[in-house]
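Here's input.cif, which has mmCIF, C-alpha atoms (C1' of nucleotides):
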data_coords
#
loop_
_atom_site.group_PDB
_atom_site.id
_atom_site.type_symbol
_atom_site.label_atom_id
_atom_site.label_comp_id
_atom_site.auth_asym_id
_atom_site.auth_seq_id
_atom_site.Cartn_x
_atom_site.Cartn_y
_atom_site.Cartn_z
ATOM 1 C CA MET V 196 -31.022 165.842 53.859
ATOM 2 C CA PRO V 197 -30.540 168.872 51.707
ATOM 3 C CA GLU V 198 -33.747 169.538 49.843
ATOM 4 C CA LEU V 199 -35.451 172.919 49.608
ATOM 5 C CA PRO V 200 -36.296 173.288 53.325
ATOM 6 C CA ASP V 201 -32.799 172.306 54.401
ATOM 7 C CA VAL V 202 -31.195 174.724 51.973
ATOM 8 C CA ALA V 203 -33.579 177.440 53.181
ATOM 9 C CA ILE V 204 -32.240 176.834 56.692
ATOM 10 C CA PHE V 205 -28.632 176.936 55.430
ATOM 11 C CA LYS V 206 -29.448 180.268 53.807
ATOM 12 C CA ARG V 207 -30.794 181.637 57.054
ATOM 13 C CA TYR V 208 -27.723 180.317 58.855
ATOM 14 C CA LEU V 209 -25.307 181.935 56.422
ATOM 15 C CA ASP V 210 -27.255 185.203 56.564
ATOM 16 C CA ALA V 211 -27.062 185.201 60.355
ATOM 17 C CA THR V 212 -23.357 184.396 60.556
ATOM 18 C CA ALA V 213 -21.032 184.990 57.620
ATOM 19 C CA LEU V 214 -22.700 187.896 55.834
ATOM 20 C CA HIS V 215 -20.693 191.144 55.495
ATOM 21 C CA GLN V 216 -17.522 189.581 56.883
ATOM 22 C CA GLU V 217 -14.449 190.282 54.808
ATOM 23 C CA ILE V 218 -12.997 187.101 53.325
ATOM 24 C CA GLU V 219 -9.314 186.762 54.053
ATOM 25 C CA ASP V 220 -8.620 183.409 52.491
ATOM 26 C CA VAL V 221 -10.132 180.189 51.226
ATOM 27 C CA ALA V 222 -8.865 176.739 52.143
ATOM 28 C CA VAL V 223 -9.818 173.852 49.878
ATOM 29 C CA GLU V 224 -9.436 170.474 51.517
ATOM 30 C CA ASP V 225 -10.522 168.479 48.497
ATOM 31 C CA PRO V 226 -10.666 170.157 45.082
ATOM 32 C CA TYR V 227 -13.004 167.393 43.963
ATOM 33 C CA VAL V 228 -15.996 169.391 45.195
ATOM 34 C CA LEU V 229 -14.922 172.459 43.211
ATOM 35 C CA LYS V 230 -16.519 172.406 39.787
ATOM 36 C CA GLY V 231 -15.412 174.648 36.961
ATOM 37 C CA ILE V 232 -12.773 176.461 38.989
ATOM 38 C CA THR V 233 -9.404 175.821 40.588
ATOM 39 C CA PRO V 234 -8.701 176.493 44.260
ATOM 40 C CA GLU V 235 -6.400 179.341 43.237
ATOM 41 C CA ALA V 236 -9.007 180.991 41.037
ATOM 42 C CA LEU V 237 -11.649 180.670 43.754
ATOM 43 C CA ARG V 238 -9.346 182.324 46.260
ATOM 44 C CA GLU V 239 -8.568 185.040 43.735
ATOM 45 C CA GLY V 240 -12.262 185.611 43.102
ATOM 46 C CA VAL V 241 -13.404 186.002 46.685
ATOM 47 C CA ARG V 242 -10.447 187.346 48.656
ATOM 48 C CA GLY V 243 -10.986 190.874 49.904
ATOM 49 C CA HIS V 244 -14.723 190.671 49.250
ATOM 50 C CA ALA V 245 -17.601 189.852 51.577
ATOM 51 C CA PHE V 246 -20.755 187.856 50.992
ATOM 52 C CA ASP V 247 -23.317 190.606 50.855
ATOM 53 C CA SER V 248 -26.536 188.755 50.114
ATOM 54 C CA THR V 249 -27.757 185.250 49.441
ATOM 55 C CA ARG V 250 -30.352 183.697 47.211
ATOM 56 C CA ARG V 251 -31.796 180.236 46.965
ATOM 57 C CA HIS V 252 -33.273 178.461 43.969
ATOM 58 C CA GLY V 253 -34.455 174.945 44.597
ATOM 59 C CA LYS V 254 -31.604 173.128 46.303
ATOM 60 C CA TYR V 255 -28.958 175.658 45.259
ATOM 61 C CA LEU V 256 -27.666 178.441 47.486
ATOM 62 C CA PHE V 257 -25.920 181.464 46.011
ATOM 63 C CA ALA V 258 -23.795 183.751 48.143
ATOM 64 C CA ALA V 259 -23.208 186.971 46.205
ATOM 65 C CA LEU V 260 -20.152 189.155 46.665
ATOM 66 C CA GLY V 261 -21.959 192.208 45.344
ATOM 67 C CA GLU V 262 -21.238 194.881 42.720
ATOM 68 C CA GLY V 263 -20.797 192.540 39.792
ATOM 69 C CA ALA V 264 -18.164 190.539 41.645
ATOM 70 C CA GLY V 265 -20.053 187.303 41.135
ATOM 71 C CA GLY V 266 -20.423 184.845 43.965
ATOM 72 C CA VAL V 267 -20.295 181.315 45.186
ATOM 73 C CA VAL V 268 -22.864 178.631 44.413
ATOM 74 C CA LEU V 269 -23.256 175.858 46.949
ATOM 75 C CA HIS V 270 -24.983 172.583 46.281
ATOM 76 C CA PHE V 271 -25.178 170.103 49.115
ATOM 77 C CA GLY V 272 -25.689 166.767 47.422
ATOM 78 C CA MET V 273 -26.925 164.142 49.826
ATOM 79 C CA THR V 274 -24.759 164.929 52.828
ATOM 80 C CA GLY V 275 -23.706 168.578 52.684
ATOM 81 C CA SER V 276 -24.067 171.322 55.262
ATOM 82 C CA LEU V 277 -22.512 174.533 56.594
ATOM 83 C CA LYS V 278 -20.783 175.396 59.814
ATOM 84 C CA TYR V 279 -19.568 178.755 61.060
ATOM 85 C CA PHE V 280 -17.027 178.571 63.844
ATOM 86 C CA GLN V 281 -14.018 180.219 65.369
ATOM 87 C CA ARG V 282 -12.091 177.954 67.676
ATOM 88 C CA PRO V 283 -10.005 175.245 66.000
ATOM 89 C CA GLU V 284 -11.458 172.606 68.301
ATOM 90 C CA ALA V 285 -14.893 173.430 66.885
ATOM 91 C CA SER V 286 -13.617 172.563 63.434
ATOM 92 C CA PRO V 287 -15.989 170.031 61.892
ATOM 93 C CA GLU V 288 -15.150 166.751 60.191
ATOM 94 C CA TYR V 289 -15.606 166.328 56.459
ATOM 95 C CA ASP V 290 -15.077 169.984 55.651
ATOM 96 C CA GLN V 291 -14.168 170.433 52.002
ATOM 97 C CA VAL V 292 -13.944 174.213 51.635
ATOM 98 C CA ARG V 293 -13.418 176.830 54.328
ATOM 99 C CA PHE V 294 -13.847 180.573 53.949
ATOM 100 C CA HIS V 295 -11.671 182.428 56.444
ATOM 101 C CA PHE V 296 -12.900 185.848 57.529
ATOM 102 C CA THR V 297 -10.887 188.710 58.939
ATOM 103 C CA ASN V 298 -12.864 188.451 62.194
ATOM 104 C CA GLY V 299 -11.211 185.119 62.913
ATOM 105 C CA TYR V 300 -14.247 183.005 62.086
ATOM 106 C CA GLN V 301 -14.554 180.443 59.309
ATOM 107 C CA LEU V 302 -17.469 179.225 57.268
ATOM 108 C CA ALA V 303 -17.002 175.564 56.383
ATOM 109 C CA TYR V 304 -18.768 173.808 53.552
ATOM 110 C CA LEU V 305 -19.072 170.190 54.650
ATOM 111 C CA SER V 306 -19.774 167.240 52.431
ATOM 112 C CA GLN V 307 -19.236 163.857 53.942
ATOM 113 C CA ARG V 308 -19.737 162.006 50.677
ATOM 114 C CA LYS V 309 -18.541 164.678 48.304
ATOM 115 C CA LEU V 310 -21.553 164.574 46.035
ATOM 116 C CA GLY V 311 -22.167 168.286 46.445
ATOM 117 C CA GLU V 312 -20.383 171.052 44.595
ATOM 118 C CA VAL V 313 -18.978 174.523 45.014
ATOM 119 C CA ARG V 314 -18.770 176.910 42.088
ATOM 120 C CA PHE V 315 -17.775 180.464 41.427
ATOM 121 C CA ILE V 316 -20.110 182.196 38.986
ATOM 122 C CA GLU V 317 -20.937 185.619 37.616
ATOM 123 C CA SER V 318 -24.706 185.377 37.481
ATOM 124 C CA PHE V 319 -27.063 183.150 39.441
ATOM 125 C CA LYS V 320 -29.787 183.767 36.892
ATOM 126 C CA THR V 321 -27.581 182.501 34.080
ATOM 127 C CA PHE V 322 -26.549 179.536 36.194
ATOM 128 C CA ILE V 323 -30.194 178.580 36.778
ATOM 129 C CA GLU V 324 -30.888 178.763 33.055
ATOM 130 C CA GLU V 325 -27.827 176.734 32.120
ATOM 131 C CA ARG V 326 -28.749 174.112 34.684
ATOM 132 C CA ASP V 327 -32.227 173.995 33.188
ATOM 133 C CA LEU V 328 -33.789 174.299 36.622
ATOM 134 C CA GLY V 329 -37.537 174.607 36.820
ATOM 135 C CA PRO V 330 -39.265 177.259 38.933
ATOM 136 C CA ASP V 331 -38.480 177.351 42.627
ATOM 137 C CA VAL V 332 -41.609 176.004 44.261
ATOM 138 C CA LEU V 333 -41.620 178.638 47.004
ATOM 139 C CA ALA V 334 -40.847 181.604 44.763
ATOM 140 C CA GLU V 335 -43.239 184.567 45.054
ATOM 141 C CA ASP V 336 -44.366 184.259 41.466
ATOM 142 C CA PHE V 337 -44.818 180.504 41.482
ATOM 143 C CA ASP V 338 -48.586 180.529 41.424
ATOM 144 C CA TYR V 339 -50.993 177.771 40.503
ATOM 145 C CA GLU V 340 -51.046 178.803 36.841
ATOM 146 C CA ARG V 341 -47.309 178.381 36.672
ATOM 147 C CA PHE V 342 -47.550 175.005 38.380
ATOM 148 C CA LYS V 343 -50.131 173.826 35.877
ATOM 149 C CA GLU V 344 -47.987 174.967 32.962
ATOM 150 C CA THR V 345 -44.903 173.108 34.099
ATOM 151 C CA PHE V 346 -45.956 170.173 36.228
ATOM 152 C CA GLY V 347 -49.311 169.655 34.555
ATOM 153 C CA ARG V 348 -47.680 168.880 31.219
ATOM 154 C CA ARG V 349 -45.514 166.166 32.711
ATOM 155 C CA GLY V 350 -45.906 162.530 31.877
ATOM 156 C CA GLY V 351 -44.939 159.688 34.132
ATOM 157 C CA MET V 352 -45.433 159.032 37.803
ATOM 158 C CA VAL V 353 -46.230 161.802 40.220
ATOM 159 C CA LYS V 354 -43.349 161.074 42.591
ATOM 160 C CA SER V 355 -40.787 161.138 39.775
ATOM 161 C CA ALA V 356 -42.250 164.335 38.360
ATOM 162 C CA LEU V 357 -42.127 166.077 41.749
ATOM 163 C CA MET V 358 -38.429 165.200 42.085
ATOM 164 C CA ASP V 359 -37.432 166.320 38.588
ATOM 165 C CA GLN V 360 -35.467 169.536 39.113
ATOM 166 C CA SER V 361 -36.069 170.714 35.556
ATOM 167 C CA THR V 362 -39.818 170.543 36.175
ATOM 168 C CA LEU V 363 -39.881 171.933 39.727
ATOM 169 C CA ALA V 364 -36.811 172.998 41.683
ATOM 170 C CA GLY V 365 -36.486 172.021 45.313
ATOM 171 C CA ILE V 366 -38.248 168.739 46.008
ATOM 172 C CA GLY V 367 -36.250 165.547 46.565
ATOM 173 C CA ASN V 368 -36.929 162.026 47.657
ATOM 174 C CA VAL V 369 -37.865 162.674 51.284
ATOM 175 C CA TYR V 370 -40.186 165.629 50.697
ATOM 176 C CA SER V 371 -41.850 164.063 47.681
ATOM 177 C CA ASP V 372 -42.865 161.217 49.975
ATOM 178 C CA GLU V 373 -44.069 163.656 52.620
ATOM 179 C CA ILE V 374 -46.133 165.689 50.149
ATOM 180 C CA LEU V 375 -47.783 162.589 48.709
ATOM 181 C CA PHE V 376 -48.427 161.191 52.181
ATOM 182 C CA GLN V 377 -50.020 164.423 53.403
ATOM 183 C CA MET V 378 -52.266 164.541 50.385
ATOM 184 C CA GLY V 379 -53.043 160.834 50.326
ATOM 185 C CA LEU V 380 -51.761 160.339 46.806
ATOM 186 C CA HIS V 381 -50.075 157.120 45.715
ATOM 187 C CA PRO V 382 -46.502 157.720 44.461
ATOM 188 C CA ARG V 383 -47.183 155.823 41.250
ATOM 189 C CA ARG V 384 -50.235 157.781 40.205
ATOM 190 C CA LYS V 385 -49.748 159.188 36.719
ATOM 191 C CA VAL V 386 -49.638 162.970 36.506
ATOM 192 C CA GLN V 387 -51.859 162.885 33.449
ATOM 193 C CA ASP V 388 -54.488 160.909 35.370
ATOM 194 C CA LEU V 389 -54.814 163.502 38.148
ATOM 195 C CA ARG V 390 -58.170 165.216 38.261
ATOM 196 C CA PRO V 391 -58.054 169.039 38.132
ATOM 197 C CA GLU V 392 -58.944 169.272 41.811
ATOM 198 C CA GLU V 393 -56.173 166.813 42.648
ATOM 199 C CA LEU V 394 -53.654 168.907 40.726
ATOM 200 C CA ARG V 395 -54.806 171.976 42.628
ATOM 201 C CA GLU V 396 -54.584 170.165 45.944
ATOM 202 C CA LEU V 397 -51.098 168.926 45.104
ATOM 203 C CA TYR V 398 -49.942 172.510 44.541
ATOM 204 C CA ASP V 399 -51.423 173.602 47.869
ATOM 205 C CA THR V 400 -50.048 170.585 49.706
ATOM 206 C CA LEU V 401 -46.495 170.879 48.457
ATOM 207 C CA GLN V 402 -46.313 174.522 49.494
ATOM 208 C CA GLU V 403 -47.820 173.740 52.872
ATOM 209 C CA VAL V 404 -45.441 170.840 53.531
ATOM 210 C CA LEU V 405 -42.321 172.775 52.568
ATOM 211 C CA LYS V 406 -43.334 175.824 54.606
ATOM 212 C CA THR V 407 -44.135 173.646 57.596
ATOM 213 C CA ALA V 408 -40.739 171.949 57.326
ATOM 214 C CA ILE V 409 -38.993 175.339 57.227
ATOM 215 C CA ALA V 410 -41.047 176.536 60.198
ATOM 216 C CA HIS V 411 -39.641 173.562 62.103
ATOM 217 C CA ASP V 412 -36.064 174.307 61.014
ATOM 218 C CA ALA V 413 -36.145 171.332 58.632
ATOM 219 C CA ARG V 414 -35.682 169.041 61.630
ATOM 220 C CA PRO V 415 -37.856 165.957 61.129
ATOM 221 C CA ALA V 416 -37.843 165.204 64.850
ATOM 222 C CA ASP V 417 -39.704 168.486 65.393
ATOM 223 C CA PHE V 418 -42.261 167.982 62.615
ATOM 224 C CA PRO V 419 -45.963 167.666 63.459
ATOM 225 C CA GLU V 420 -47.034 164.233 64.637
ATOM 226 C CA SER V 421 -48.976 163.675 61.463
ATOM 227 C CA TYR V 422 -45.800 163.810 59.380
ATOM 228 C CA LEU V 423 -44.275 160.808 57.653
ATOM 229 C CA THR V 424 -40.647 161.914 57.488
ATOM 230 C CA PRO V 425 -39.615 160.939 61.029
ATOM 231 C CA TYR V 426 -41.020 157.463 60.305
ATOM 232 C CA ARG V 427 -39.100 156.804 57.110
ATOM 233 C CA GLY V 428 -37.515 153.400 57.410
ATOM 234 C CA GLU V 429 -39.794 152.375 60.237
ATOM 235 C CA GLU V 430 -42.734 150.048 60.066
ATOM 236 C CA ASP V 431 -45.575 151.785 61.822
ATOM 237 C CA CYS V 432 -47.632 154.386 60.044
ATOM 238 C CA PRO V 433 -48.037 157.693 61.905
ATOM 239 C CA CYS V 434 -51.576 158.041 60.569
ATOM 240 C CA CYS V 435 -53.211 154.707 61.239
ATOM 241 C CA GLU V 436 -52.811 151.233 62.690
ATOM 242 C CA GLY V 437 -51.283 149.916 59.490
ATOM 243 C CA LYS V 438 -47.725 149.492 58.280
ATOM 244 C CA LEU V 439 -45.800 151.699 55.882
ATOM 245 C CA GLU V 440 -44.797 150.225 52.547
ATOM 246 C CA LYS V 441 -41.514 150.692 50.785
ATOM 247 C CA ILE V 442 -41.473 150.671 47.008
ATOM 248 C CA GLU V 443 -39.070 151.719 44.297
ATOM 249 C CA VAL V 444 -40.163 154.586 42.087
ATOM 250 C CA GLY V 445 -37.838 155.913 39.429
ATOM 251 C CA GLY V 446 -34.953 154.121 41.086
ATOM 252 C CA ARG V 447 -35.523 155.759 44.475
ATOM 253 C CA ALA V 448 -36.918 154.300 47.671
ATOM 254 C CA GLY V 449 -40.382 155.636 48.381
ATOM 255 C CA TYR V 450 -42.348 155.191 51.604
ATOM 256 C CA TYR V 451 -46.093 155.474 51.771
ATOM 257 C CA CYS V 452 -49.178 154.332 53.645
ATOM 258 C CA PRO V 453 -51.274 151.920 51.550
ATOM 259 C CA ALA V 454 -54.416 152.767 53.487
ATOM 260 C CA ARG V 455 -54.100 156.508 53.071
ATOM 261 C CA GLN V 456 -52.578 156.480 49.573
ATOM 262 C CA PRO V 457 -54.565 153.954 47.550
ATOM 263 C CA ALA V 458 -52.976 152.435 44.465
ATOM 264 C CA PRO V 459 -54.357 153.639 41.128
ATOM 265 C CA SER V 460 -56.608 151.152 39.374
ATOM 266 C CA ASP V 461 -54.113 150.609 36.551
ATOM 267 C CA LEU V 462 -51.659 149.173 39.098
ATOM 268 C CA ARG V 463 -54.109 146.612 40.390
ATOM 269 C CA HIS V 464 -55.097 143.383 38.721
ATOM 270 C "C1'" DA G 206 -18.259 142.360 53.048
ATOM 271 C "C1'" DG G 207 -22.035 144.011 50.621
ATOM 272 C "C1'" DC G 208 -25.618 147.145 50.221
ATOM 273 C "C1'" DG G 209 -28.128 151.299 50.548
ATOM 274 C "C1'" DA G 210 -28.191 156.310 51.150
ATOM 275 C "C1'" DT G 211 -31.474 162.560 51.484
ATOM 276 C "C1'" DG G 212 -28.415 164.237 44.753
ATOM 277 C "C1'" DT G 213 -27.247 164.829 39.764
ATOM 278 C "C1'" DT G 214 -25.761 163.334 35.134
ATOM 279 C "C1'" DC G 215 -25.275 160.575 31.196
ATOM 280 C "C1'" DG G 216 -26.153 157.152 27.788
ATOM 281 C "C1'" DC G 217 -29.348 153.764 25.994
ATOM 282 C "C1'" DC G 218 -33.868 152.203 24.770
ATOM 283 C "C1'" DG G 219 -38.659 152.337 23.437
ATOM 284 C "C1'" DT W 71 -38.849 164.577 22.533
ATOM 285 C "C1'" DC W 72 -39.915 162.494 26.645
ATOM 286 C "C1'" DG W 73 -39.866 159.004 30.297
ATOM 287 C "C1'" DG W 74 -37.833 154.867 32.388
ATOM 288 C "C1'" DC W 75 -33.767 152.629 33.651
ATOM 289 C "C1'" DG W 76 -29.153 151.520 35.113
ATOM 290 C "C1'" DA W 77 -24.718 153.053 36.016
ATOM 291 C "C1'" DA W 78 -21.554 156.366 37.688
ATOM 292 C "C1'" DC W 79 -19.771 159.729 40.928
ATOM 293 C "C1'" DA W 80 -17.372 159.284 46.583
ATOM 294 C "C1'" DT W 81 -17.858 157.672 50.985
ATOM 295 C "C1'" DC W 82 -19.745 156.128 55.148
ATOM 296 C "C1'" DG W 83 -22.715 153.379 58.258
ATOM 297 C "C1'" DC W 84 -25.370 149.403 58.975
#
Turn this file's structure into structure tokens for me.
Amino acid sequence: MPELPDVAIFKRYLDATALHQEIEDVAVEDPYVLKGITPEALREGVRGHAFDSTRRHGKYLFAALGEGAGGVVLHFGMTGSLKYFQRPEASPEYDQVRFHFTNGYQLAYLSQRKLGEVRFIESFKTFIEERDLGPDVLAEDFDYERFKETFGRRGGMVKSALMDQSTLAGIGNVYSDEILFQMGLHPRRKVQDLRPEELRELYDTLQEVLKTAIAHDARPADFPESYLTPYRGEEDCPCCEGKLEKIEVGGRAGYYCPARQPAPSDLRH
DNA sequence: AGCGATGTTCGCCG
DNA sequence: TCGGCGAACATCGC
């Protein structure tokens, strides 16, 4: 479930495995996942270089080749991930792009449903601007003032606003539900109806939830017992004796606890 | 066999 | 100009 915490773990994984390894070749299984570049041009761009640092912005991971050589942007869609391996029998299914290193290892970009993308770009900063991505919600300089400026101006429902990547970068369907559950905020509350202290608490909660997820390697099974995510799709609420509700918000399935996250008055009649 | 799924984009409408 | 909505993208699992 590649949202910010998952991509943060992919970043750590790439940093611990494929960094500083000379790239010998690139194999593209399905060019469909390559956007804006041909397999040949990608190979031309990376061969002989090494990934020398990585950066993450929201759900995007950038692996830089260093010294103005550009780099590779990875986006994981709904089903993407990375695997670093050596022996052919360890080769994963659904690999779309493989970077072969001179040490005999490969880094595979996997995407079972091909909704992710791989790009070759010059500048990550430019890419972020062109994509119109909002601030990364775990960036150093993303303070409460910044949150108020961007998110606080939003109209619409709080769940939809949290998931809008041009407002805030990094939060998707699963973590928006978790953030709202932890705070006890109904997904259909209007952003403009939030009291100042609620807006402040939302900022604190979203940071706390994302950091907690990363601290648990973005593995829902390891999340604290008070977390909703492992219970998505199940009936019983982890916080009380009641049942979770499933509703549609902005075309996405949202799960919440009606007891903990009371509906706003304008939704009752 | 049909439907839903963790993501993004685009066009249409109010 | 923004937000809501539905469809589209590709594919798999239930």
Give one line per residue of chain V that approaches chain G to at most 10 Å, naming the two atoms of the closest pair and their distance in Å to one decimal, counting only C-alpha atoms (C1' of nucleotides); sort by chain then ascending residue number and deliver it as a Markdown table.
| residue | atom | partner | partner_atom | distance |
| --- | --- | --- | --- | --- |
| V:Met196 | CA | G:DT211 | C1' | 4.1 |
| V:Pro197 | CA | G:DT211 | C1' | 6.4 |
| V:Glu198 | CA | G:DT211 | C1' | 7.5 |
| V:Lys254 | CA | G:DG212 | C1' | 9.6 |
| V:His270 | CA | G:DG212 | C1' | 9.2 |
| V:Phe271 | CA | G:DG212 | C1' | 8.0 |
| V:Gly272 | CA | G:DG212 | C1' | 4.6 |
| V:Met273 | CA | G:DT211 | C1' | 5.1 |
| V:Thr274 | CA | G:DT211 | C1' | 7.2 |
| V:Gly275 | CA | G:DT211 | C1' | 9.9 |
| V:Leu310 | CA | G:DG212 | C1' | 7.0 |
| V:Gly311 | CA | G:DG212 | C1' | 7.6 |
| V:Gln360 | CA | G:DT213 | C1' | 9.5 |
| V:Gly367 | CA | G:DT211 | C1' | 7.5 |
| V:Asn368 | CA | G:DT211 | C1' | 6.7 |
| V:Val369 | CA | G:DT211 | C1' | 6.4 |
| V:Tyr370 | CA | G:DT211 | C1' | 9.3 |
| V:Arg447 | CA | G:DA210 | C1' | 9.9 |
| V:Ala448 | CA | G:DA210 | C1' | 9.6 |
- Within 10 Å of (-20.8, 179.5, 61.2) (coordinates as in the file), grab all the protein and nucleic acid residues, counting only C-alpha atoms (C1' of nucleotides), and write them out as number ranges by chain. V: 208-213, 277-281, 300-304
What are the centre and the three edge lengths of an axis-aligned box that wraps all atoms of stretch 415-431 of chain V in the file, given that 6 Å is added to every side, written as JSON and rounded to one decimal in Å?
{"center_x": -43.2, "center_y": 159.3, "center_z": 61.3, "size_x": 23.5, "size_y": 30.4, "size_z": 20.3}
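Put simply, atom CA of V:Thr407 is 21.3 Å away from atom CA of V:Cys435.
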- Message: Since I can't run it myself right now, could you work out what the PyMOL selection byres ((chain V) within 9 of (chain W)) selects here and report it as a PyMOL selection string?
- Response: chain V and resi 307-310+350-351+445-446
List the residues selected by the PyMOL selection byres ((chain V and resi 397-403) around 7) in the file shown, writing them as a compact mmCIF listing (two decimals) with C-alpha atoms, in the coordinates of the input.
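Below is the file part.txt, written as the result:
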# COMPACT_ATOMS: atom_id res chain seq x y z
CA LEU V 333 -41.62 178.64 47.00
CA TYR V 339 -50.99 177.77 40.50
CA ILE V 374 -46.13 165.69 50.15
CA MET V 378 -52.27 164.54 50.38
CA GLU V 393 -56.17 166.81 42.65
CA LEU V 394 -53.65 168.91 40.73
CA ARG V 395 -54.81 171.98 42.63
CA GLU V 396 -54.58 170.16 45.94
CA VAL V 404 -45.44 170.84 53.53
CA LEU V 405 -42.32 172.78 52.57
CA LYS V 406 -43.33 175.82 54.61
CA THR V 407 -44.14 173.65 57.60
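A straight line drawn from atom CA of V:Tyr227 to atom CA of V:Ala264 is 23.8 Å long.
When atom CA of V:Val223 is paired with atom CA of V:Val268, their separation reads 14.9 Å.
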- Task: Any chance you could resolve the PyMOL selection byres ((chain V and resi 381-389) around 9) against this file and give the residues as a ChimeraX atom specification?
- Result: /V:346-356,371-372,375-376,379-380,390-394,444,449-453,455-459,461-462
- Residue neighbourhood V:Ala410, 12 Å, all atoms listed in the file, exclusion window fewer than 4 positions, as a PyMOL selection string: chain V and resi 200-201+203-204+207+403-406+414-415+417-419
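Residue nearest V:Glu224, chosen from V:Asp247, V:Glu288, V:Glu440, V:Glu239 and counting only C-alpha atoms: V:Glu288.
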